[in-house]
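Below is the file coords-v3.pdb, which contains PDB, C-alpha atoms.
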```pdb
ATOM      1  CA  MET F  45    -174.027 144.933 187.096
ATOM      2  CA  ARG F  46    -171.070 147.178 187.784
ATOM      3  CA  GLY F  47    -169.373 148.497 184.658
ATOM      4  CA  VAL F  48    -172.273 147.631 182.335
ATOM      5  CA  THR F  49    -173.577 150.605 180.368
ATOM      6  CA  PRO F  50    -175.830 151.037 177.334
ATOM      7  CA  ARG F  51    -172.694 151.054 175.192
ATOM      8  CA  THR F  52    -170.888 148.056 176.697
ATOM      9  CA  HIS F  53    -173.789 145.623 176.660
ATOM     10  CA  LEU F  54    -174.619 146.226 172.974
ATOM     11  CA  SER F  55    -173.300 143.554 170.624
ATOM     12  CA  PRO F  56    -171.395 144.661 167.498
ATOM     13  CA  GLY F  57    -174.421 143.837 165.350
ATOM     14  CA  ALA F  58    -176.836 145.699 167.599
ATOM     15  CA  LEU F  59    -174.697 148.824 167.597
ATOM     16  CA  GLN F  60    -174.259 148.586 163.830
ATOM     17  CA  ARG F  61    -178.044 148.631 163.404
ATOM     18  CA  LEU F  62    -178.354 151.532 165.807
ATOM     19  CA  MET F  63    -175.667 153.548 163.999
ATOM     20  CA  THR F  64    -177.505 153.506 160.668
ATOM     21  CA  ASP F  65    -179.741 156.465 161.526
ATOM     22  CA  ALA F  66    -176.709 158.624 162.326
ATOM     23  CA  TRP F  67    -175.502 158.277 158.715
ATOM     24  CA  PRO F  68    -178.618 157.067 156.925
ATOM     25  CA  PRO F  69    -179.091 155.697 153.436
ATOM     26  CA  VAL F  70    -181.686 157.164 151.130
ATOM     27  CA  GLU F  71    -183.177 153.752 150.374
ATOM     28  CA  ARG F  72    -183.442 150.636 152.514
ATOM     29  CA  ALA F  73    -184.685 147.106 151.919
ATOM     30  CA  GLN F  74    -184.669 143.895 153.940
ATOM     31  CA  LEU F  75    -183.188 140.581 152.891
ATOM     32  CA  GLY F  76    -184.257 138.486 155.833
ATOM     33  CA  GLU F  77    -182.523 140.180 158.766
ATOM     34  CA  TRP F  78    -179.928 141.819 156.537
ATOM     35  CA  GLU F  79    -180.451 145.468 155.642
ATOM     36  CA  LEU F  80    -179.653 146.662 152.122
ATOM     37  CA  ARG F  81    -178.780 150.358 152.012
ATOM     38  CA  ALA F  82    -178.295 152.761 149.134
ATOM     39  CA  GLY F  83    -177.481 156.475 149.088
ATOM     40  CA  HIS F  84    -176.698 157.417 145.481
ATOM     41  CA  GLY F  85    -173.155 156.109 145.922
ATOM     42  CA  PHE F  86    -172.072 158.598 148.606
ATOM     43  CA  THR F  87    -169.981 156.739 151.241
ATOM     44  CA  GLY F  88    -169.664 153.081 152.030
ATOM     45  CA  ARG F  89    -171.808 153.328 155.138
ATOM     46  CA  ALA F  90    -174.824 154.509 153.169
ATOM     47  CA  ASN F  91    -174.254 152.093 150.270
ATOM     48  CA  SER F  92    -173.639 148.682 151.778
ATOM     49  CA  ALA F  93    -175.587 145.674 152.970
ATOM     50  CA  LEU F  94    -175.428 145.198 156.724
ATOM     51  CA  ALA F  95    -174.989 141.455 157.237
ATOM     52  CA  VAL F  96    -176.355 141.055 160.754
ATOM     53  CA  GLY F  97    -178.487 138.001 161.472
ATOM     54  CA  SER F  98    -179.851 135.616 158.850
ATOM     55  CA  PRO F  99    -180.619 136.676 155.269
ATOM     56  CA  GLY F 100    -183.266 133.954 155.037
ATOM     57  CA  LEU F 101    -181.405 132.304 152.160
ATOM     58  CA  PRO F 102    -178.315 130.145 151.768
ATOM     59  CA  LEU F 103    -175.382 132.528 151.914
ATOM     60  CA  PRO F 104    -174.264 132.158 148.271
ATOM     61  CA  GLU F 105    -177.824 132.931 147.142
ATOM     62  CA  ALA F 106    -178.042 135.863 149.542
ATOM     63  CA  LEU F 107    -174.817 137.335 148.165
ATOM     64  CA  THR F 108    -176.130 136.981 144.625
ATOM     65  CA  ALA F 109    -179.316 138.768 145.686
ATOM     66  CA  VAL F 110    -177.193 141.566 147.172
ATOM     67  CA  GLN F 111    -175.298 141.923 143.904
ATOM     68  CA  HIS F 112    -178.519 142.102 141.901
ATOM     69  CA  TRP F 113    -180.026 144.707 144.244
ATOM     70  CA  TYR F 114    -177.041 147.021 143.917
ATOM     71  CA  ALA F 115    -176.650 146.392 140.187
ATOM     72  CA  ALA F 116    -180.244 147.543 139.707
ATOM     73  CA  ARG F 117    -179.164 150.860 141.267
ATOM     74  CA  GLU F 118    -175.930 151.005 139.264
ATOM     75  CA  LEU F 119    -173.890 150.630 142.444
ATOM     76  CA  PRO F 120    -171.120 148.183 143.338
ATOM     77  CA  ALA F 121    -172.165 145.458 145.756
ATOM     78  CA  SER F 122    -170.721 145.920 149.240
ATOM     79  CA  LEU F 123    -171.233 143.976 152.451
ATOM     80  CA  VAL F 124    -170.530 144.981 156.063
ATOM     81  CA  VAL F 125    -169.639 142.285 158.572
ATOM     82  CA  ALA F 126    -168.906 143.158 162.192
ATOM     83  CA  GLY F 127    -167.318 141.407 165.130
ATOM     84  CA  PRO F 128    -165.278 141.865 168.295
ATOM     85  CA  LEU F 129    -162.084 143.877 168.281
ATOM     86  CA  GLY F 130    -159.428 142.233 166.156
ATOM     87  CA  PHE F 131    -161.891 139.890 164.457
ATOM     88  CA  ASP F 132    -161.129 138.195 161.148
ATOM     89  CA  PRO F 133    -163.944 138.527 158.567
ATOM     90  CA  ALA F 134    -163.104 134.990 157.430
ATOM     91  CA  MET F 135    -164.420 133.772 160.793
ATOM     92  CA  ASP F 136    -167.826 135.341 160.130
ATOM     93  CA  PRO F 137    -170.171 133.066 158.110
ATOM     94  CA  ALA F 138    -171.208 135.833 155.703
ATOM     95  CA  GLY F 139    -167.656 137.111 155.484
ATOM     96  CA  ALA F 140    -166.277 133.637 154.786
ATOM     97  CA  ALA F 141    -168.871 133.034 152.079
ATOM     98  CA  ALA F 142    -168.105 136.366 150.417
ATOM     99  CA  LEU F 143    -164.339 135.807 150.528
ATOM    100  CA  ALA F 144    -164.788 132.321 149.063
ATOM    101  CA  LEU F 145    -166.594 133.920 146.124
ATOM    102  CA  GLY F 146    -163.764 136.364 145.526
ATOM    103  CA  TRP F 147    -165.122 139.419 147.329
ATOM    104  CA  ARG F 148    -162.358 141.675 148.614
ATOM    105  CA  SER F 149    -162.006 143.270 152.035
ATOM    106  CA  ARG F 150    -160.583 146.654 152.974
ATOM    107  CA  VAL F 151    -158.830 147.650 156.190
ATOM    108  CA  LEU F 152    -160.752 147.039 159.408
ATOM    109  CA  THR F 153    -162.763 149.981 160.713
ATOM    110  CA  LEU F 154    -163.070 150.554 164.458
ATOM    111  CA  THR F 155    -166.231 151.768 166.154
ATOM    112  CA  LEU F 156    -165.619 153.793 169.308
ATOM    113  CA  THR F 157    -168.196 154.888 171.869
ATOM    114  CA  ALA F 158    -168.288 157.334 174.747
ATOM    115  CA  ALA F 159    -170.589 158.625 177.425
ATOM    116  CA  LEU F 160    -171.588 162.121 176.344
ATOM    117  CA  ASP F 161    -170.647 163.716 179.663
ATOM    118  CA  ASP F 162    -167.127 162.277 179.448
ATOM    119  CA  VAL F 163    -166.515 164.015 176.128
ATOM    120  CA  ARG F 164    -168.127 167.277 177.219
ATOM    121  CA  ARG F 165    -165.647 167.513 180.094
ATOM    122  CA  HIS F 166    -162.768 167.872 177.639
ATOM    123  CA  HIS F 167    -163.578 171.463 176.774
ATOM    124  CA  ASP F 168    -161.020 173.570 174.956
ATOM    125  CA  PRO F 169    -161.690 176.937 173.293
ATOM    126  CA  PRO F 170    -161.078 177.194 169.543
ATOM    127  CA  PRO F 171    -157.543 178.153 168.497
ATOM    128  CA  SER F 172    -156.928 181.891 168.392
ATOM    129  CA  GLY F 173    -158.501 183.466 165.325
ATOM    130  CA  VAL F 174    -160.777 180.486 164.581
ATOM    131  CA  GLU F 175    -164.569 180.780 164.647
ATOM    132  CA  LEU F 176    -166.753 177.705 165.054
ATOM    133  CA  ARG F 177    -170.168 177.800 163.443
ATOM    134  CA  VAL F 178    -172.845 175.203 164.150
ATOM    135  CA  ASP F 179    -175.815 174.868 161.775
ATOM    136  CA  PRO F 180    -178.792 172.515 161.530
ATOM    137  CA  VAL F 181    -178.317 172.173 157.755
ATOM    138  CA  MET F 182    -175.309 171.811 155.510
ATOM    139  CA  SER F 183    -173.887 175.153 154.397
ATOM    140  CA  GLU F 184    -172.204 175.719 151.061
ATOM    141  CA  GLY F 185    -168.886 176.264 152.849
ATOM    142  CA  TRP F 186    -169.264 172.937 154.682
ATOM    143  CA  PHE F 187    -169.989 171.105 151.430
ATOM    144  CA  GLN F 188    -167.090 172.720 149.577
ATOM    145  CA  ALA F 189    -164.738 171.690 152.381
ATOM    146  CA  LEU F 190    -166.028 168.106 152.105
ATOM    147  CA  THR F 191    -165.114 168.048 148.413
ATOM    148  CA  ARG F 192    -161.544 169.017 149.291
ATOM    149  CA  TYR F 193    -160.893 165.512 150.617
ATOM    150  CA  ARG F 194    -163.408 163.346 148.755
ATOM    151  CA  ALA F 195    -165.316 163.450 145.488
ATOM    152  CA  ALA F 196    -168.964 164.145 146.216
ATOM    153  CA  ASP F 197    -172.151 164.969 144.343
ATOM    154  CA  ARG F 198    -174.060 167.711 146.125
ATOM    155  CA  THR F 199    -177.488 166.098 145.695
ATOM    156  CA  ALA F 200    -176.251 162.755 146.992
ATOM    157  CA  VAL F 201    -174.464 164.366 149.930
ATOM    158  CA  ALA F 202    -177.484 166.443 150.920
ATOM    159  CA  ALA F 203    -179.756 163.397 150.834
ATOM    160  CA  VAL F 204    -177.533 161.435 153.216
ATOM    161  CA  VAL F 205    -176.387 164.129 155.647
ATOM    162  CA  HIS F 206    -179.905 165.524 156.151
ATOM    163  CA  GLY F 207    -181.496 162.114 156.699
ATOM    164  CA  SER F 208    -181.064 161.653 160.454
ATOM    165  CA  PRO F 209    -183.886 162.457 162.872
ATOM    166  CA  ALA F 210    -181.698 165.463 163.813
ATOM    167  CA  GLN F 211    -178.285 166.645 162.673
ATOM    168  CA  ARG F 212    -175.781 169.409 163.284
ATOM    169  CA  PHE F 213    -172.884 170.646 161.148
ATOM    170  CA  VAL F 214    -169.809 172.304 162.643
ATOM    171  CA  THR F 215    -167.618 174.519 160.469
ATOM    172  CA  ALA F 216    -164.283 176.001 161.570
ATOM    173  CA  VAL F 217    -163.441 179.266 159.819
ATOM    174  CA  GLU F 218    -160.264 181.335 159.909
ATOM    175  CA  ASP F 219    -159.780 184.480 157.795
ATOM    176  CA  ASP F 220    -163.024 183.623 155.952
ATOM    177  CA  VAL F 221    -161.615 180.231 154.891
ATOM    178  CA  VAL F 222    -163.119 176.915 156.052
ATOM    179  CA  ILE F 223    -160.339 174.913 157.683
ATOM    180  CA  GLY F 224    -162.334 172.165 159.405
ATOM    181  CA  ILE F 225    -165.729 170.451 159.401
ATOM    182  CA  GLY F 226    -167.656 167.773 161.270
ATOM    183  CA  ARG F 227    -171.179 166.414 161.492
ATOM    184  CA  LEU F 228    -173.434 165.014 164.205
ATOM    185  CA  GLY F 229    -176.352 162.676 163.502
ATOM    186  CA  VAL F 230    -178.744 162.134 166.413
ATOM    187  CA  SER F 231    -181.246 159.314 166.855
ATOM    188  CA  GLY F 232    -182.734 158.895 170.312
ATOM    189  CA  ALA F 233    -180.138 158.438 173.057
ATOM    190  CA  TRP F 234    -177.299 157.984 170.575
ATOM    191  CA  ALA F 235    -175.468 160.475 168.382
ATOM    192  CA  GLY F 236    -172.842 159.736 165.763
ATOM    193  CA  VAL F 237    -169.859 161.955 164.987
ATOM    194  CA  GLY F 238    -168.738 161.832 161.361
ATOM    195  CA  ALA F 239    -167.300 163.682 158.368
ATOM    196  CA  MET F 240    -164.479 164.991 160.543
ATOM    197  CA  TRP F 241    -161.821 166.850 158.553
ATOM    198  CA  VAL F 242    -159.146 169.457 159.286
ATOM    199  CA  ASP F 243    -157.046 171.109 156.600
ATOM    200  CA  ALA F 244    -153.529 169.665 156.691
ATOM    201  CA  ALA F 245    -151.984 173.099 157.259
ATOM    202  CA  HIS F 246    -154.045 173.561 160.446
ATOM    203  CA  ARG F 247    -153.610 170.229 162.187
ATOM    204  CA  ARG F 248    -152.030 169.838 165.645
ATOM    205  CA  ARG F 249    -153.785 173.011 166.845
ATOM    206  CA  GLY F 250    -156.475 171.183 168.825
ATOM    207  CA  LEU F 251    -159.135 172.005 166.241
ATOM    208  CA  ALA F 252    -160.578 168.508 165.833
ATOM    209  CA  ARG F 253    -160.769 168.119 169.612
ATOM    210  CA  THR F 254    -162.653 171.412 169.893
ATOM    211  CA  MET F 255    -165.081 170.513 167.094
ATOM    212  CA  VAL F 256    -165.905 167.150 168.682
ATOM    213  CA  ASN F 257    -166.526 168.881 171.994
ATOM    214  CA  HIS F 258    -168.894 171.362 170.337
ATOM    215  CA  LEU F 259    -170.773 168.503 168.687
ATOM    216  CA  ALA F 260    -171.021 166.750 172.051
ATOM    217  CA  HIS F 261    -172.681 169.831 173.544
ATOM    218  CA  GLU F 262    -175.087 169.896 170.600
ATOM    219  CA  ALA F 263    -175.885 166.231 171.185
ATOM    220  CA  ASN F 264    -176.666 166.992 174.811
ATOM    221  CA  SER F 265    -179.077 169.766 173.812
ATOM    222  CA  LEU F 266    -180.803 167.300 171.462
ATOM    223  CA  GLY F 267    -181.342 164.726 174.224
ATOM    224  CA  ALA F 268    -178.583 162.217 173.478
ATOM    225  CA  SER F 269    -176.530 160.496 176.176
ATOM    226  CA  TRP F 270    -174.048 158.420 174.171
ATOM    227  CA  LEU F 271    -171.724 159.005 171.239
ATOM    228  CA  HIS F 272    -170.293 156.734 168.577
ATOM    229  CA  LEU F 273    -167.866 157.282 165.733
ATOM    230  CA  GLN F 274    -165.857 155.226 163.259
ATOM    231  CA  THR F 275    -162.309 155.435 161.950
ATOM    232  CA  ASP F 276    -159.945 153.119 160.113
ATOM    233  CA  SER F 277    -157.923 150.901 162.411
ATOM    234  CA  ASP F 278    -154.671 152.201 160.892
ATOM    235  CA  ASN F 279    -155.505 155.882 161.477
ATOM    236  CA  ARG F 280    -153.337 156.250 164.567
ATOM    237  CA  ALA F 281    -153.649 160.023 164.870
ATOM    238  CA  ALA F 282    -157.453 159.952 164.881
ATOM    239  CA  LEU F 283    -157.579 157.042 167.321
ATOM    240  CA  ALA F 284    -155.192 158.779 169.716
ATOM    241  CA  LEU F 285    -157.329 161.921 169.644
ATOM    242  CA  TYR F 286    -160.644 160.183 170.237
ATOM    243  CA  ARG F 287    -159.290 157.962 172.996
ATOM    244  CA  SER F 288    -157.826 161.010 174.738
ATOM    245  CA  ILE F 289    -161.241 162.658 175.058
ATOM    246  CA  GLY F 290    -163.234 159.750 176.436
ATOM    247  CA  PHE F 291    -163.907 157.319 173.577
ATOM    248  CA  THR F 292    -163.138 153.623 173.939
ATOM    249  CA  ASP F 293    -162.996 150.879 171.306
ATOM    250  CA  HIS F 294    -166.249 148.936 171.002
ATOM    251  CA  HIS F 295    -165.973 146.648 167.962
ATOM    252  CA  ALA F 296    -164.540 146.300 164.472
ATOM    253  CA  TYR F 297    -166.151 145.881 161.089
ATOM    254  CA  VAL F 298    -165.041 145.516 157.498
ATOM    255  CA  TYR F 299    -166.404 146.241 154.041
ATOM    256  CA  LEU F 300    -166.334 143.389 151.528
ATOM    257  CA  SER F 301    -166.779 144.333 147.873
ATOM    258  CA  ALA F 302    -167.795 142.041 145.039
TER     259      ALA F 302
END
```

The structure in this file should be written as structure tokens.
Amino acid sequence: MRGVTPRTHLSPGALQRLMTDAWPPVERAQLGEWELRAGHGFTGRANSALAVGSPGLPLPEALTAVQHWYAARELPASLVVAGPLGFDPAMDPAGAAALALGWRSRVLTLTLTAALDDVRRHHDPPPSGVELRVDPVMSEGWFQALTRYRAADRTAVAAVVHGSPAQRFVTAVEDDVVIGIGRLGVSGAWAGVGAMWVDAAHRRRGLARTMVNHLAHEANSLGASWLHLQTDSDNRAALALYRSIGFTDHHAYVYLSA
């Protein structure tokens, strides 16, 4: 069928399952078709229950089981529900049950996808004076840059960011100072772009665009054909950038916290 690609025919739930290996938890367990994920508390993606399919229990009982599972790991209970663009979590059965029990939702997150070759075509050299380094493991400079915009335990971070079948870390350096980072997690034909950050003093120089392009070339060398990434639906600057280099909106999802 014309216009149908491996990214457009995937349902929100199917792509959510596929994305897990790009930003993997350290521990996983099944509750029916739901997947419970824990990663020592580092990031919502690695520490939330993916509510896709049936949990095999009445929903109130399933949500209680989720709370107990996370409490046993000294983590807050969090649920991910996904749907089409613009969806309301109250229209999802699991989302409605959680909201009825007082769980709270955060802003919608958008998942965007792109054909790898489309992104690779948008090639720009790094800004003058900036060196881009790509490594298969997290460097100390990359980790220290991560902690400049979010609190992070090194052991927890290392466990999550090294858990994909393959990964690459891009670091932008100017005058021996890290001014930007990003990460690629590859699993089969799909690769996920994440942990994108540029120092506020160095934005609007095309650095994020260049880093994504470098990660796309790395994904190609690792055998991937498709890219996905996530960003909050109210992050207009990030959405404008990603859409300008070949990404299109695929679906939305939301975190619900007990």

Fill in the blank from the handout: In Å and to one decimal, CA of His167 in chain F is distant from CA of Leu190 in chain F by 25.0 Å

Handout entry: the PyMOL selection byres ((chain F and resi 188) around 12) resolved against shown file, as a list in words
Key =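 Taken on the displayed file, the PyMOL selection byres ((chain F and resi 188) around 12) yields the residues Met182, Ser183, Glu184, Gly185, Trp186, Phe187, Ala189, Leu190, Thr191, Arg192, Tyr193, Arg194, Ala195, Ala196, Asp197, Arg198, Val201, Thr215, Val221, Val222, Ile223, Gly224, Ile225 and Trp241 of chain F.
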
Practice task
Report as JSON, numbers by chain the full result of the PyMOL selection byres ((chain F and resi 53-69) around 6) when it is applied to this structure.
Solution key: {"F": [50, 51, 52, 70, 71, 81, 82, 83, 90, 96, 127, 204, 207, 208, 229, 230, 236, 295]}

Practice task
Could you give me, as a PyMOL selection string, the residues within 8 Å of range 105-116 of chain F, counting all atoms listed in the file and dropping anything in the same chain fewer than 5 positions from it?
Solution key: chain F and resi 75+80+82+93+99-100+121+142+302

What would the file look like if the residues just selected were written as an mmCIF file, keeping the file's coordinate frame with C-alpha atoms?
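The result, written out as part_16.cif:
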```
data_model
loop_
_atom_site.group_PDB
_atom_site.id
_atom_site.type_symbol
_atom_site.label_atom_id
_atom_site.label_comp_id
_atom_site.auth_asym_id
_atom_site.auth_seq_id
_atom_site.Cartn_x
_atom_site.Cartn_y
_atom_site.Cartn_z
ATOM 1 C CA LEU F 75 -183.188 140.581 152.891
ATOM 2 C CA LEU F 80 -179.653 146.662 152.122
ATOM 3 C CA ALA F 82 -178.295 152.761 149.134
ATOM 4 C CA ALA F 93 -175.587 145.674 152.970
ATOM 5 C CA PRO F 99 -180.619 136.676 155.269
ATOM 6 C CA GLY F 100 -183.266 133.954 155.037
ATOM 7 C CA ALA F 121 -172.165 145.458 145.756
ATOM 8 C CA ALA F 142 -168.105 136.366 150.417
ATOM 9 C CA ALA F 302 -167.795 142.041 145.039
#
```

Exercise for the section: Check what the PyMOL selection byres ((chain F and resi 133-137) around 10) selects in the file above and give those residues as a ChimeraX atom specification. Expected result: /F:95,103,124-127,130-132,138-144,149,152,296-300

With C-alpha atoms retained, write the just-selected residues as a PDB file, in the coordinates of the input.
```
ATOM      1  CA  ALA F  95    -174.989 141.455 157.237  1.00  0.00           C
ATOM      2  CA  LEU F 103    -175.382 132.528 151.914  1.00  0.00           C
ATOM      3  CA  VAL F 124    -170.530 144.981 156.063  1.00  0.00           C
ATOM      4  CA  VAL F 125    -169.639 142.285 158.572  1.00  0.00           C
ATOM      5  CA  ALA F 126    -168.906 143.158 162.192  1.00  0.00           C
ATOM      6  CA  GLY F 127    -167.318 141.407 165.130  1.00  0.00           C
ATOM      7  CA  GLY F 130    -159.428 142.233 166.156  1.00  0.00           C
ATOM      8  CA  PHE F 131    -161.891 139.890 164.457  1.00  0.00           C
ATOM      9  CA  ASP F 132    -161.129 138.195 161.148  1.00  0.00           C
ATOM     10  CA  ALA F 138    -171.208 135.833 155.703  1.00  0.00           C
ATOM     11  CA  GLY F 139    -167.656 137.111 155.484  1.00  0.00           C
ATOM     12  CA  ALA F 140    -166.277 133.637 154.786  1.00  0.00           C
ATOM     13  CA  ALA F 141    -168.871 133.034 152.079  1.00  0.00           C
ATOM     14  CA  ALA F 142    -168.105 136.366 150.417  1.00  0.00           C
ATOM     15  CA  LEU F 143    -164.339 135.807 150.528  1.00  0.00           C
ATOM     16  CA  ALA F 144    -164.788 132.321 149.063  1.00  0.00           C
ATOM     17  CA  SER F 149    -162.006 143.270 152.035  1.00  0.00           C
ATOM     18  CA  LEU F 152    -160.752 147.039 159.408  1.00  0.00           C
ATOM     19  CA  ALA F 296    -164.540 146.300 164.472  1.00  0.00           C
ATOM     20  CA  TYR F 297    -166.151 145.881 161.089  1.00  0.00           C
ATOM     21  CA  VAL F 298    -165.041 145.516 157.498  1.00  0.00           C
ATOM     22  CA  TYR F 299    -166.404 146.241 154.041  1.00  0.00           C
ATOM     23  CA  LEU F 300    -166.334 143.389 151.528  1.00  0.00           C
TER      24      LEU F 300
END
```

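Take the candidates F:Gly146, F:Gly226, F:Gly238, F:Gly97 and check each one against Leu273 in chain F using only C-alpha atoms; the shortest distance goes to F:Gly238.
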
Practice task
Could you tell me which of F:Gln274, F:Gln211, F:Asn257, F:Thr155 comes closest to Asp168 in chain F if we count only C-alpha atoms?
Solution key: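 Smallest separation from Asp168 in chain F among the options: F:Asn257.
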
Exercise for the section: Compare F:Leu129, F:Leu266, F:Val163, F:Ala210 by their minimum atom-to-atom distance to Ser288 in chain F, counting all atoms listed in the file, and give me the closest one. Expected result: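 The closest residue to Ser288 in chain F is F:Val163.
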
Emit as AutoDock Vina command-line options the padded axis-aligned box for all listed atoms of range 273-289 of chain F, 4 Å per side, with centre and edge lengths in Å to one decimal.
```
--center_x -160.6 --center_y 156.8 --center_z 167.6 --size_x 22.5 --size_y 19.8 --size_z 22.9
```

Practice task
Quick one: pull the distance between CA of Glu79 in chain F and CA of Ser277 in chain F, Å, one decimal.
Solution key: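 We find that CA of Glu79 in chain F and CA of Ser277 in chain F lie 24.1 Å from each other.
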
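In terms of minimum interatomic distance to Asn279 in chain F, F:Thr153 ranks closest within F:Pro170, F:Thr153, F:Arg89, F:Pro104, counting all atoms listed in the file.
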
Problem - Test item: which residues lie within 8 Å of (-165.4, 152.4, 177.1) counting only C-alpha atoms, as a PyMOL selection string - result: chain F and resi 51-52+156-158+290-294

Exercise for the section: Give me, please, the distance in Å between CA of Arg164 in chain F and CA of Gly267 in chain F, quoted to one decimal. Expected result: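 One can read the CA of Arg164 in chain F to CA of Gly267 in chain F distance as 13.8 Å.
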
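Ranking F:Gly88, F:Gly232, F:Pro120, F:Pro169 by their shortest atom-to-atom distance to Ser265 in chain F, with all atoms listed in the file included, puts F:Gly232 first.
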